[in-house]
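The structure file my_file-v2.tsv is reproduced below (TSV, C-alpha atoms).
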chain	number	residue	atom	x	y	z
A	106	MET	CA	88.33	-4.12	18.32
A	107	ASN	CA	87.67	-1.44	20.89
A	108	GLU	CA	85.59	0.40	18.32
A	109	LEU	CA	83.54	-2.74	17.71
A	110	GLY	CA	82.86	-2.91	21.43
A	111	THR	CA	81.61	0.68	21.40
A	112	VAL	CA	79.31	-0.06	18.47
A	113	TRP	CA	77.95	-3.11	20.35
A	114	VAL	CA	77.28	-1.04	23.47
A	115	TYR	CA	75.51	1.56	21.34
A	116	LEU	CA	73.38	-1.00	19.50
A	117	SER	CA	72.47	-3.05	22.56
A	118	ALA	CA	71.10	0.08	24.23
A	119	SER	CA	68.48	0.51	21.48
A	120	PRO	CA	65.38	-1.64	20.94
A	121	LEU	CA	66.65	-2.44	17.43
A	122	LEU	CA	68.83	-5.32	18.60
A	123	GLY	CA	66.09	-7.23	20.43
A	124	LEU	CA	63.76	-6.84	17.47
A	125	THR	CA	66.41	-7.97	14.96
A	126	LEU	CA	67.32	-10.92	17.16
A	127	THR	CA	63.65	-12.03	17.39
A	128	ILE	CA	62.93	-11.89	13.66
A	129	GLY	CA	66.37	-13.26	12.74
A	130	ALA	CA	66.16	-16.21	15.12
A	131	TYR	CA	62.63	-17.01	13.95
A	132	SER	CA	63.73	-16.96	10.28
A	133	CYS	CA	66.62	-19.29	11.15
A	134	ALA	CA	64.26	-21.57	13.08
A	135	ASN	CA	61.87	-21.70	10.12
A	136	ALA	CA	64.74	-22.63	7.80
A	137	ILE	CA	65.87	-25.38	10.19
A	138	SER	CA	62.29	-26.66	10.47
A	139	ALA	CA	61.95	-26.72	6.66
A	140	ARG	CA	65.24	-28.60	6.41
A	141	CYS	CA	63.80	-31.23	8.79
A	142	GLY	CA	60.86	-31.70	6.39
A	143	LEU	CA	58.55	-29.67	8.70
A	144	SER	CA	58.72	-32.50	11.23
A	145	PRO	CA	56.67	-31.60	14.34
A	146	LEU	CA	59.78	-32.41	16.39
A	147	ALA	CA	61.58	-29.40	14.87
A	148	ASN	CA	59.16	-26.81	16.25
A	149	PRO	CA	60.13	-23.30	15.05
A	150	VAL	CA	59.04	-21.55	18.28
A	151	ALA	CA	61.10	-23.92	20.43
A	152	ILE	CA	64.15	-23.54	18.16
A	153	ALA	CA	63.85	-19.72	18.08
A	154	ILE	CA	63.53	-19.54	21.88
A	155	LEU	CA	66.62	-21.73	22.35
A	156	LEU	CA	68.63	-19.66	19.81
A	157	ILE	CA	67.70	-16.37	21.49
A	158	GLY	CA	68.29	-17.81	24.97
A	159	ALA	CA	71.78	-18.86	23.86
A	160	VAL	CA	72.55	-15.40	22.41
A	161	LEU	CA	71.31	-13.67	25.58
A	162	ALA	CA	73.43	-15.96	27.75
A	163	LEU	CA	76.55	-15.47	25.59
A	164	THR	CA	76.23	-11.68	25.35
A	165	ASN	CA	75.06	-11.26	28.94
A	166	MET	CA	71.99	-9.33	27.79
A	167	SER	CA	69.10	-9.27	30.28
A	168	TYR	CA	65.58	-10.39	29.36
A	169	ALA	CA	64.28	-6.90	30.19
A	170	ARG	CA	66.77	-5.35	27.75
A	171	TYR	CA	65.89	-7.92	25.07
A	172	PHE	CA	62.17	-7.34	25.59
A	173	GLN	CA	62.55	-3.59	24.96
A	174	GLY	CA	62.96	-4.53	21.32
A	175	ALA	CA	60.91	-7.74	21.25
A	176	GLN	CA	57.84	-5.97	22.68
A	177	PHE	CA	57.00	-4.67	19.20
A	178	VAL	CA	56.51	-8.25	18.04
A	179	HIS	CA	54.77	-9.18	21.30
A	180	PHE	CA	52.35	-6.27	20.88
A	181	LEU	CA	51.04	-7.78	17.62
A	182	LEU	CA	49.45	-10.63	19.63
A	183	GLY	CA	46.55	-8.25	20.33
A	184	PRO	CA	45.68	-7.42	16.69
A	185	ALA	CA	46.38	-11.07	15.78
A	186	THR	CA	43.82	-12.21	18.35
A	187	VAL	CA	41.29	-9.83	16.79
A	188	ALA	CA	42.22	-11.18	13.35
A	189	LEU	CA	41.09	-14.68	14.41
A	190	ALA	CA	37.59	-13.42	13.59
A	191	ILE	CA	38.53	-13.57	9.88
A	192	PRO	CA	38.89	-17.38	9.54
A	193	LEU	CA	35.99	-17.83	11.97
A	194	ALA	CA	33.71	-15.72	9.75
A	195	ARG	CA	34.99	-17.39	6.58
A	196	HIS	CA	34.28	-20.88	7.85
A	197	LEU	CA	30.93	-19.99	9.38
A	198	PRO	CA	28.92	-22.26	6.99
A	199	ARG	CA	31.08	-25.30	7.82
A	200	VAL	CA	30.97	-24.46	11.49
A	201	ARG	CA	27.17	-24.26	11.39
A	202	LYS	CA	27.05	-27.76	9.88
A	203	ALA	CA	29.32	-29.23	12.55
A	204	LEU	CA	27.97	-27.09	15.36
A	205	PHE	CA	26.96	-29.94	17.68
A	206	PRO	CA	30.26	-31.88	17.60
A	207	ILE	CA	32.20	-28.62	17.85
A	208	LEU	CA	30.29	-27.47	20.93
A	209	CYS	CA	30.58	-30.88	22.64
A	210	ALA	CA	34.32	-31.09	21.95
A	211	LEU	CA	34.81	-27.45	23.00
A	212	LEU	CA	33.07	-27.92	26.33
A	213	ALA	CA	34.84	-31.22	27.06
A	214	GLY	CA	38.26	-29.98	25.93
A	215	SER	CA	38.16	-26.58	27.60
A	216	THR	CA	37.07	-28.06	30.93
A	217	THR	CA	39.64	-30.87	30.69
A	218	ALA	CA	42.42	-28.36	30.00
A	219	ILE	CA	41.68	-26.27	33.09
A	220	VAL	CA	40.77	-29.11	35.47
A	221	SER	CA	43.69	-31.41	34.51
A	222	ALA	CA	46.26	-28.60	34.80
A	223	VAL	CA	45.13	-27.36	38.22
A	224	LEU	CA	44.61	-30.83	39.71
A	225	LEU	CA	47.95	-32.15	38.39
A	226	VAL	CA	49.80	-29.18	39.88
A	227	ARG	CA	48.12	-29.82	43.23
A	228	ALA	CA	48.73	-33.58	43.06
A	229	PHE	CA	52.45	-33.04	42.41
A	230	GLY	CA	52.86	-30.53	45.22
A	231	GLY	CA	52.96	-27.26	43.26
A	232	SER	CA	52.32	-23.95	45.02
A	233	ALA	CA	48.99	-22.10	44.98
A	234	ALA	CA	50.55	-19.38	42.80
A	235	LEU	CA	51.54	-22.03	40.26
A	236	ALA	CA	48.03	-23.56	40.34
A	237	LEU	CA	46.44	-20.14	39.72
A	238	SER	CA	48.88	-19.44	36.89
A	239	VAL	CA	48.52	-22.83	35.17
A	240	GLY	CA	44.69	-22.94	34.90
A	241	PRO	CA	44.26	-21.00	31.67
A	242	LYS	CA	47.38	-22.48	29.98
A	243	SER	CA	45.64	-23.88	26.87
A	244	ALA	CA	44.23	-20.48	25.88
A	245	THR	CA	46.25	-18.16	23.66
A	246	THR	CA	48.81	-15.94	25.46
A	247	PRO	CA	46.92	-12.62	25.84
A	248	ILE	CA	43.78	-14.39	27.06
A	249	ALA	CA	45.64	-16.69	29.44
A	250	MET	CA	47.72	-13.83	30.87
A	251	ALA	CA	44.62	-11.70	31.46
A	252	ALA	CA	42.79	-14.62	33.11
A	253	SER	CA	45.83	-15.35	35.29
A	254	GLN	CA	46.01	-11.71	36.37
A	255	TYR	CA	42.31	-11.73	37.20
A	256	LEU	CA	42.74	-14.90	39.28
A	257	GLY	CA	45.75	-13.56	41.18
A	258	GLY	CA	48.32	-15.76	39.41
A	259	ILE	CA	51.61	-14.61	37.89
A	260	PRO	CA	50.98	-13.51	34.26
A	261	ALA	CA	54.66	-13.86	33.22
A	262	LEU	CA	54.69	-17.44	34.55
A	263	THR	CA	51.41	-18.13	32.75
A	264	ALA	CA	52.95	-16.90	29.49
A	265	ALA	CA	55.82	-19.37	29.92
A	266	LEU	CA	53.38	-22.21	30.70
A	267	VAL	CA	51.16	-21.29	27.73
A	268	ILE	CA	54.08	-21.39	25.33
A	269	SER	CA	55.39	-24.67	26.78
A	270	THR	CA	51.89	-26.12	26.36
A	271	GLY	CA	51.80	-24.92	22.75
A	272	ILE	CA	55.16	-26.49	21.97
A	273	VAL	CA	54.34	-29.82	23.71
A	274	GLY	CA	51.04	-30.08	21.80
A	275	ALA	CA	52.53	-29.14	18.43
A	276	ILE	CA	55.32	-31.69	18.85
A	277	SER	CA	53.24	-34.60	20.15
A	278	ALA	CA	49.80	-34.25	18.48
A	279	ARG	CA	50.59	-36.15	15.28
A	280	TYR	CA	51.93	-39.17	17.16
A	281	LEU	CA	49.12	-39.14	19.74
A	282	PHE	CA	46.37	-38.92	17.07
A	283	ASP	CA	47.98	-41.68	15.00
A	284	PHE	CA	48.11	-43.84	18.13
A	285	LEU	CA	44.41	-43.13	18.86
A	286	ARG	CA	43.56	-43.76	15.17
A	287	ILE	CA	42.01	-40.32	14.76
A	288	HIS	CA	42.46	-39.50	11.09
A	289	SER	CA	39.92	-36.77	10.31
A	290	PRO	CA	41.82	-33.52	9.62
A	291	GLU	CA	38.92	-31.52	11.09
A	292	VAL	CA	39.02	-33.39	14.40
A	293	ARG	CA	42.83	-33.34	14.57
A	294	GLY	CA	42.95	-29.63	13.77
A	295	PHE	CA	40.22	-28.67	16.22
A	296	ALA	CA	41.83	-30.58	19.11
A	297	LEU	CA	45.27	-29.18	18.31
A	298	GLY	CA	44.03	-25.57	18.19
A	299	LEU	CA	42.01	-26.01	21.37
A	300	ALA	CA	44.81	-27.60	23.41
A	301	SER	CA	47.80	-25.76	21.93
A	302	HIS	CA	46.45	-22.39	20.70
A	303	GLY	CA	48.53	-20.46	18.12
A	304	ILE	CA	51.58	-22.71	18.20
A	305	GLY	CA	49.42	-25.78	17.52
A	306	THR	CA	47.52	-23.86	14.86
A	307	ALA	CA	50.76	-22.81	13.17
A	308	GLN	CA	51.70	-26.50	13.01
A	309	ALA	CA	48.29	-27.33	11.46
A	310	ILE	CA	48.56	-24.49	8.91
A	311	GLN	CA	51.71	-26.07	7.52
A	312	VAL	CA	50.16	-29.44	6.76
A	313	ASN	CA	46.46	-29.28	5.88
A	314	PRO	CA	44.07	-26.35	5.07
A	315	SER	CA	41.08	-28.18	6.53
A	316	ALA	CA	42.92	-28.93	9.76
A	317	ALA	CA	44.13	-25.32	9.84
A	318	ALA	CA	40.59	-23.89	9.63
A	319	PHE	CA	39.40	-26.09	12.48
A	320	ALA	CA	42.54	-25.34	14.51
A	321	VAL	CA	41.81	-21.61	14.29
A	322	LEU	CA	38.27	-22.37	15.34
A	323	GLY	CA	39.42	-24.50	18.30
A	324	MET	CA	41.88	-21.84	19.43
A	325	GLY	CA	39.38	-18.97	19.08
A	326	LEU	CA	36.49	-20.73	20.80
A	327	ASN	CA	38.66	-22.09	23.60
A	328	GLY	CA	40.15	-18.63	24.11
A	329	VAL	CA	36.70	-17.18	24.68
A	330	LEU	CA	35.47	-20.08	26.82
A	331	THR	CA	38.64	-20.15	28.97
A	332	ALA	CA	38.34	-16.40	29.56
A	333	VAL	CA	34.80	-17.01	30.81
A	334	LEU	CA	35.32	-20.37	32.62
A	335	ALA	CA	38.72	-20.01	34.31
A	336	PRO	CA	37.79	-17.16	36.71
A	337	TYR	CA	35.00	-19.33	38.14
A	338	LEU	CA	36.42	-22.85	37.74
A	339	VAL	CA	39.96	-22.37	39.12
A	340	PRO	CA	38.92	-21.06	42.59
A	341	VAL	CA	36.52	-24.01	42.93
A	342	LEU	CA	39.31	-26.48	42.03
A	343	LEU	CA	41.64	-24.86	44.55
A	344	SER	CA	39.09	-25.08	47.34
A	345	LEU	CA	38.50	-28.82	46.85
B	195	MET	CA	47.26	-3.69	4.53
B	196	LEU	CA	46.51	-0.27	6.06
B	197	VAL	CA	42.77	-0.93	5.94
B	198	THR	CA	43.25	-4.29	7.66
B	199	PHE	CA	45.46	-2.90	10.42
B	200	SER	CA	43.08	0.03	10.96
B	201	VAL	CA	40.14	-2.36	11.28
B	202	LEU	CA	42.05	-4.71	13.64
B	203	LEU	CA	43.31	-1.89	15.86
B	204	ILE	CA	39.93	-0.13	15.97
B	205	CYS	CA	38.27	-3.41	17.01
B	206	GLN	CA	40.95	-3.94	19.65
B	207	CYS	CA	40.41	-0.40	20.99
B	208	ILE	CA	36.66	-1.03	21.18
B	209	GLY	CA	37.31	-4.34	22.95
B	210	GLU	CA	39.80	-2.87	25.45
B	211	GLY	CA	37.42	0.02	26.11
B	212	ILE	CA	34.44	-2.26	26.78
B	213	ALA	CA	36.49	-4.64	28.97
B	214	TYR	CA	37.82	-1.72	31.02
B	215	ALA	CA	34.52	0.13	31.35
B	216	LEU	CA	32.51	-2.96	32.35
B	217	HIS	CA	35.29	-4.59	34.46
B	218	LEU	CA	34.98	-7.83	32.45
B	219	PRO	CA	37.30	-10.79	33.11
B	220	VAL	CA	37.44	-11.31	29.31
B	221	PRO	CA	40.46	-9.54	27.80
B	222	GLY	CA	40.03	-6.64	25.35
B	223	PRO	CA	41.40	-8.40	22.24
B	224	VAL	CA	38.81	-11.20	22.67
B	225	ILE	CA	35.96	-8.69	22.80
B	226	GLY	CA	37.65	-7.04	19.80
B	227	MET	CA	37.56	-10.41	18.01
B	228	MET	CA	33.84	-10.77	18.76
B	229	THR	CA	33.27	-7.19	17.53
B	230	LEU	CA	35.06	-7.92	14.27
B	231	PHE	CA	33.23	-11.24	13.91
B	232	CYS	CA	29.85	-9.47	14.22
B	233	ALA	CA	30.98	-6.80	11.74
B	234	LEU	CA	32.04	-9.51	9.25
B	235	VAL	CA	28.76	-11.39	9.59
B	236	LEU	CA	26.74	-8.19	9.14
B	237	ARG	CA	28.88	-6.88	6.26
B	238	PRO	CA	30.45	-9.80	4.35
B	239	ALA	CA	32.04	-7.35	1.86
B	240	LEU	CA	34.48	-6.31	4.60
B	241	LEU	CA	35.89	-9.86	4.65
B	242	ASP	CA	37.23	-9.55	1.09
B	243	ARG	CA	39.02	-6.32	1.96
B	244	ILE	CA	40.83	-7.55	5.05
B	245	GLN	CA	41.33	-11.29	4.66
B	246	ALA	CA	44.57	-11.27	2.65
B	247	THR	CA	46.54	-9.24	5.21
B	248	GLY	CA	44.75	-10.93	8.11
B	249	ASP	CA	45.81	-14.34	6.82
B	250	ASP	CA	49.41	-13.11	6.41
B	251	LEU	CA	49.42	-12.00	10.04
B	252	LEU	CA	47.99	-15.33	11.24
B	253	ARG	CA	50.46	-17.30	9.10
B	254	HIS	CA	53.25	-15.91	11.27
B	255	LEU	CA	51.31	-16.29	14.48
B	256	SER	CA	53.99	-18.48	16.06
B	257	LEU	CA	56.56	-15.66	15.67
B	258	LEU	CA	54.46	-13.55	18.02
B	259	PHE	CA	54.94	-16.08	20.85
B	260	VAL	CA	58.73	-15.93	20.71
B	261	PRO	CA	59.31	-12.81	22.89
B	262	ALA	CA	57.13	-14.15	25.73
B	263	GLY	CA	58.62	-17.61	25.16
B	264	VAL	CA	62.15	-16.40	25.87
B	265	GLY	CA	60.76	-15.43	29.30
B	266	ILE	CA	60.64	-19.17	30.07
B	267	PHE	CA	64.31	-18.88	31.07
B	268	VAL	CA	63.47	-16.09	33.54
B	269	ALA	CA	60.44	-17.92	34.94
B	270	ALA	CA	62.48	-21.13	35.26
B	271	THR	CA	64.84	-19.66	37.87
B	272	SER	CA	61.99	-18.95	40.32
B	273	LEU	CA	60.44	-22.41	40.17
B	274	GLN	CA	62.90	-24.65	41.93
B	275	GLY	CA	61.33	-27.76	43.45
B	276	GLN	CA	58.14	-27.40	41.43
B	277	TRP	CA	59.34	-29.12	38.27
B	278	PRO	CA	57.34	-32.36	38.77
B	279	ALA	CA	54.13	-30.30	39.07
B	280	ILE	CA	54.97	-28.20	36.00
B	281	ILE	CA	55.97	-31.15	33.82
B	282	ALA	CA	52.88	-33.11	34.88
B	283	ALA	CA	50.54	-30.19	34.13
B	284	VAL	CA	52.15	-29.20	30.84
B	285	VAL	CA	52.86	-32.65	29.38
B	286	VAL	CA	50.17	-34.91	30.87
B	287	GLY	CA	47.54	-32.13	31.00
B	288	THR	CA	48.10	-31.16	27.36
B	289	LEU	CA	48.11	-34.75	26.04
B	290	THR	CA	44.92	-35.45	28.02
B	291	THR	CA	43.27	-32.32	26.60
B	292	LEU	CA	44.25	-33.27	23.03
B	293	ALA	CA	42.93	-36.82	23.48
B	294	VAL	CA	39.66	-35.88	25.24
B	295	THR	CA	38.83	-33.16	22.70
B	296	ALA	CA	39.51	-35.38	19.68
B	297	LEU	CA	37.75	-38.45	21.11
B	298	VAL	CA	34.63	-36.50	22.14
B	299	MET	CA	34.45	-34.77	18.76
B	300	ARG	CA	34.80	-38.05	16.91
B	301	ALA	CA	32.26	-39.78	19.15
B	302	VAL	CA	29.51	-37.23	18.41
B	303	SER	CA	30.23	-36.65	14.72
B	304	PRO	CA	30.07	-39.83	12.64
B	305	THR	CA	29.68	-37.70	9.48
B	306	VAL	CA	33.09	-36.07	9.88
B	307	GLN	CA	34.69	-39.48	10.09
B	308	VAL	CA	33.33	-40.68	6.76
B	309	THR	CA	35.53	-38.17	4.91
B	310	ASP	CA	38.63	-39.60	6.58
B	311	LYS	CA	41.70	-39.76	4.45
B	312	ASP	CA	44.98	-40.63	6.03
B	313	ASP	CA	47.44	-39.12	3.60
B	314	GLY	CA	50.21	-39.08	6.16
B	315	ALA	CA	50.47	-35.28	6.02
B	316	GLN	CA	48.40	-34.31	8.98
B	317	PRO	CA	49.29	-32.42	12.13

Turn this file's structure into C-alpha cells for me.
Amino acid sequence: MNELGTVWVYLSASPLLGLTLTIGAYSCANAISARCGLSPLANPVAIAILLIGAVLALTNMSYARYFQGAQFVHFLLGPATVALAIPLARHLPRVRKALFPILCALLAGSTTAIVSAVLLVRAFGGSAALALSVGPKSATTPIAMAASQYLGGIPALTAALVISTGIVGAISARYLFDFLRIHSPEVRGFALGLASHGIGTAQAIQVNPSAAAFAVLGMGLNGVLTAVLAPYLVPVLLSL
Amino acid sequence: MLVTFSVLLICQCIGEGIAYALHLPVPGPVIGMMTLFCALVLRPALLDRIQATGDDLLRHLSLLFVPAGVGIFVAATSLQGQWPAIIAAVVVGTLTTLAVTALVMRAVSPTVQVTDKDDGAQP
C-alpha cells in the first residue's frame, strides 16, 4: 500500500498523468455520448470536464499540476486553428455561391455575439474585468484569449467563458432551431459554428456533413471577424 | 501526417511572426490560417496532401478544449456574486447569437431553404 503511494507520488509529479487523464476522460466521455445516441444533451466536452474535475478534487491535484500534462493537448489548438483553412479551401466553390447570405449572417451574428455578451454582463451588474473578458466569447479559444489579453481582460476567464458558450450552444442549438423552424443544414451549421466555435462544430460534424462544412466556415470566419471587431467594439460598449 | 504537421506548424510560425512583428491584435494562428488558405488556393495540389490528417485533427477538435475547460473550476472560485451576469451572457447571449445568425441567413437566402430536408438528424 505504501509502495502504491510512492508510485502515485512519482507519477503525479510527471506530466504523463495529466495527459493520460485528459485523453482517458475524453474517450470515456465519447463512449458515454455514443451510448446516449449522440444526444446534444450528453456533450462530450462537458462530460470530460466534469470527470477530470472530479478526479482532481478526489486526488487533491491542483489545476496547475494537471495542466503541466494537459498543455500538450492544449497546444494543439494552434495548429488546429491553422488547419481550419483546409475545409474553408475545400468548400470555396459552395461558399462563393452563398457568399451574400454568409456575409450578412456573419456580420449580424458576430456583432450580436459581442454586443449581447458585454451589454448583458453590464445589465446584470458584472465587473468591468468580466465585461472585457466576455466580449470575444463566441470566437474559438486561442482567438478569444488573445483578444481578451489585448483588451485588458483576463484570458483564463475568457477561456472558461468560451468553453461554457460552446457547451451551451452545442446542447441547445437543435431544440432552438426546431422551435424557430429552421431546417436547412447549412443555416443550422453556420449559426452553430459561429456562436459556439469548435464545440458547436464538433456537434455538427457528428450529425450532418453539410452542416459540418458550414459550421467550420462559421467558426473560422467569426474567429477572424471577432479578432478584428472586438478590440474596437468592446471599449465602445463599455463607454456607453 | 508529417507533411501535414510541418505545413500547419510552419504556417503557425509565419502567423505568430507576422502578428508579433506588426503588433497586430489578430492572433498568430489566425494569420497562419489565412496563410495556409492562400497557399491552398494558389496550389490546390497541396490540399490533397494534407487534408486527410487535417480532417483527423479537426474531428477531435473538442478534445483540445478540455484542458482549458477544466480551468472553469479555477475561474469559478474568483467570480462570487457575478453569477447572474455570467449566466445571462453565456446562456441568453449565446441563444440570441444562434437565433440572429440563423434567422438573418435564412432571410437573405431563399435558395438555401428550397433544399430543406428535415430528417431529424441535424445539429

query = Val294 in chain B: which residues within 9 Å, counting only C-alpha atoms, same-chain residues fewer than 4 positions away excluded, as a PyMOL selection string?
reply = (chain A and resi 210+213-214+217+296) or (chain B and resi 289-290+298-299)

task = May I have the residues within 9 Å of Leu189 in chain A as a list in words, using all atoms listed in the file and disregarding those fewer than 5 positions away in the same chain?
result =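 Residues near the query, excluding close chain neighbours: Pro184, Ala194, Val321, Leu322, Met324 and Gly325 of chain A; Met227, Phe231, Gly248, Asp249 and Leu252 of chain B.
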
Output for the residues just chosen: C-alpha atoms as an mmCIF file, keeping the file's coordinate frame:
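Wrote it out as out26.cif, contents follow:
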data_model
loop_
_atom_site.group_PDB
_atom_site.id
_atom_site.type_symbol
_atom_site.label_atom_id
_atom_site.label_comp_id
_atom_site.auth_asym_id
_atom_site.auth_seq_id
_atom_site.Cartn_x
_atom_site.Cartn_y
_atom_site.Cartn_z
ATOM 1 C CA PRO A 184 45.680 -7.420 16.690
ATOM 2 C CA ALA A 194 33.710 -15.720 9.750
ATOM 3 C CA VAL A 321 41.810 -21.610 14.290
ATOM 4 C CA LEU A 322 38.270 -22.370 15.340
ATOM 5 C CA MET A 324 41.880 -21.840 19.430
ATOM 6 C CA GLY A 325 39.380 -18.970 19.080
ATOM 7 C CA MET B 227 37.560 -10.410 18.010
ATOM 8 C CA PHE B 231 33.230 -11.240 13.910
ATOM 9 C CA GLY B 248 44.750 -10.930 8.110
ATOM 10 C CA ASP B 249 45.810 -14.340 6.820
ATOM 11 C CA LEU B 252 47.990 -15.330 11.240
#

Produce a table with one row for each residue of chain B that has an atom at most 6 Å from any atom of chain A, each row naming the nearest atom pair and its distance in Å at one decimal; use all atoms listed in the file; arrange rows by chain and rising residue number; format as a Markdown table.
| residue | atom | partner | partner_atom | distance |
| --- | --- | --- | --- | --- |
| B:Leu202 | CA | A:Pro184 | CA | 5.5 |
| B:Val220 | CA | A:Ala332 | CA | 5.2 |
| B:Pro221 | CA | A:Ile248 | CA | 5.9 |
| B:Pro223 | CA | A:Gly183 | CA | 5.5 |
| B:Gly226 | CA | A:Val187 | CA | 5.5 |
| B:Met227 | CA | A:Val187 | CA | 4.0 |
| B:Phe231 | CA | A:Ala190 | CA | 4.9 |
| B:Gly248 | CA | A:Ala188 | CA | 5.8 |
| B:Ser256 | CA | A:Ile304 | CA | 5.3 |
| B:Leu258 | CA | A:His179 | CA | 5.5 |
| B:Pro261 | CA | A:Ala175 | CA | 5.6 |
| B:Gly263 | CA | A:Ala265 | CA | 5.8 |
| B:Val264 | CA | A:Ile154 | CA | 5.3 |
| B:Ile266 | CA | A:Ala265 | CA | 4.8 |
| B:Ala269 | CA | A:Leu262 | CA | 5.8 |
| B:Gln276 | CA | A:Gly231 | CA | 5.5 |
| B:Ala279 | CA | A:Val226 | CA | 4.5 |
| B:Ala283 | CA | A:Ala222 | CA | 4.6 |
| B:Val284 | CA | A:Thr270 | CA | 5.4 |
| B:Gly287 | CA | A:Ser221 | CA | 5.3 |
| B:Thr291 | CA | A:Ala218 | CA | 5.3 |
| B:Leu292 | CA | A:Ala296 | CA | 5.3 |
| B:Thr295 | CA | A:Gly214 | CA | 4.6 |
| B:Ala296 | CA | A:Ala296 | CA | 5.4 |
| B:Val298 | CA | A:Ala210 | CA | 5.4 |
| B:Met299 | CA | A:Ala210 | CA | 4.9 |
| B:Val302 | CA | A:Pro206 | CA | 5.5 |
| B:Ser303 | CA | A:Pro206 | CA | 5.6 |
| B:Gln307 | CA | A:Ser289 | CA | 5.9 |
| B:Asp310 | CA | A:Ser289 | CA | 4.9 |
| B:Asp312 | CA | A:His288 | CA | 5.8 |
| B:Ala315 | CA | A:Val312 | CA | 5.9 |
| B:Gln316 | CA | A:Val312 | CA | 5.6 |
| B:Pro317 | CA | A:Arg279 | CA | 5.1 |

Listed atoms of range 276-283 of chain B boxed axis-aligned with 4 Å per side, centre + edges as AutoDock Vina command-line options:
--center_x 54.9 --center_y -30.3 --center_z 37.6 --size_x 16.8 --size_y 13.7 --size_z 15.6

query = Which one of B:Ser272, B:Val224, B:Phe199, B:Ile281 sits closest to Gln245 in chain B if you count all atoms listed in the file?
reply = B:Phe199

ask   = When you draw a straight line from CA of Thr247 in chain B to CA of Leu230 in chain B, how long is it in Å?
value =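 It comes out at 14.7 Å.
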
Near-range 206-212 of chain B list (6 Å; all atoms listed in the file; drop same-chain fewer than 3 positions) as a list of chain:residue names =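 With the cut-off at 6 Å, the set is B:Leu203, B:Ala215, B:Leu216, B:Gly222, B:Pro223, B:Ile225, B:Gly226.
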
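Distances to Ala118 in chain A were evaluated for A:Met166, A:Leu345, A:Leu146, A:Cys133 using all atoms listed in the file, and the minimum falls at A:Met166.
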
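Nearest to Leu241 in chain B of all the residues B:Ala301, B:Leu196, B:Thr288, B:Val201 is B:Val201, based on all atoms listed in the file.
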
inquiry  = Using Å and a single decimal, report how far CA of Arg170 in chain A sits from CA of Pro120 in chain A.
reply    =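 Rounded to one decimal, the two atoms are 7.9 Å apart.
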
ask   = What separation in Å, quoted to one decimal, exists between CA of Val200 in chain A and CA of Leu236 in chain B?
value =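 Those two atoms sit 17.0 Å apart.
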
query = Using only C-alpha atoms, which of A:Leu122, A:Ala318, A:Ala162, A:Val112 sits nearest Arg253 in chain B?
reply = A:Ala318

Taking the partial coordinates given, rebuild range 190-202 of chain A to contain N, CA and C atoms; return it as a PDB file, keeping the file's coordinate frame.
ATOM      1  N   ALA A 190      38.974 -13.509  14.054  1.00  0.00           N
ATOM      2  CA  ALA A 190      37.590 -13.420  13.590  1.00  0.00           C
ATOM      3  C   ALA A 190      37.487 -13.679  12.089  1.00  0.00           C
ATOM      4  N   ILE A 191      38.574 -13.420  11.350  1.00  0.00           N
ATOM      5  CA  ILE A 191      38.530 -13.570   9.880  1.00  0.00           C
ATOM      6  C   ILE A 191      38.298 -15.027   9.474  1.00  0.00           C
ATOM      7  N   PRO A 192      39.190 -15.984   9.886  1.00  0.00           N
ATOM      8  CA  PRO A 192      38.890 -17.380   9.540  1.00  0.00           C
ATOM      9  C   PRO A 192      37.590 -17.890  10.164  1.00  0.00           C
ATOM     10  N   LEU A 193      37.256 -17.387  11.344  1.00  0.00           N
ATOM     11  CA  LEU A 193      35.990 -17.830  11.970  1.00  0.00           C
ATOM     12  C   LEU A 193      34.807 -17.440  11.087  1.00  0.00           C
ATOM     13  N   ALA A 194      34.816 -16.191  10.592  1.00  0.00           N
ATOM     14  CA  ALA A 194      33.710 -15.720   9.750  1.00  0.00           C
ATOM     15  C   ALA A 194      33.698 -16.465   8.414  1.00  0.00           C
ATOM     16  N   ARG A 195      34.900 -16.726   7.878  1.00  0.00           N
ATOM     17  CA  ARG A 195      34.990 -17.390   6.580  1.00  0.00           C
ATOM     18  C   ARG A 195      34.454 -18.814   6.632  1.00  0.00           C
ATOM     19  N   HIS A 196      34.687 -19.471   7.758  1.00  0.00           N
ATOM     20  CA  HIS A 196      34.280 -20.880   7.850  1.00  0.00           C
ATOM     21  C   HIS A 196      32.936 -21.050   8.541  1.00  0.00           C
ATOM     22  N   LEU A 197      32.210 -19.945   8.684  1.00  0.00           N
ATOM     23  CA  LEU A 197      30.930 -19.990   9.380  1.00  0.00           C
ATOM     24  C   LEU A 197      29.970 -21.064   8.838  1.00  0.00           C
ATOM     25  N   PRO A 198      29.834 -21.222   7.495  1.00  0.00           N
ATOM     26  CA  PRO A 198      28.920 -22.260   6.990  1.00  0.00           C
ATOM     27  C   PRO A 198      29.305 -23.668   7.441  1.00  0.00           C
ATOM     28  N   ARG A 199      30.627 -23.971   7.395  1.00  0.00           N
ATOM     29  CA  ARG A 199      31.080 -25.300   7.820  1.00  0.00           C
ATOM     30  C   ARG A 199      30.906 -25.485   9.311  1.00  0.00           C
ATOM     31  N   VAL A 200      31.121 -24.405  10.032  1.00  0.00           N
ATOM     32  CA  VAL A 200      30.970 -24.460  11.490  1.00  0.00           C
ATOM     33  C   VAL A 200      29.515 -24.738  11.844  1.00  0.00           C
ATOM     34  N   ARG A 201      28.602 -24.063  11.132  1.00  0.00           N
ATOM     35  CA  ARG A 201      27.170 -24.260  11.390  1.00  0.00           C
ATOM     36  C   ARG A 201      26.795 -25.728  11.222  1.00  0.00           C
ATOM     37  N   LYS A 202      27.370 -26.361  10.158  1.00  0.00           N
ATOM     38  CA  LYS A 202      27.050 -27.760   9.880  1.00  0.00           C
ATOM     39  C   LYS A 202      27.542 -28.672  10.990  1.00  0.00           C
TER      40      LYS A 202
END
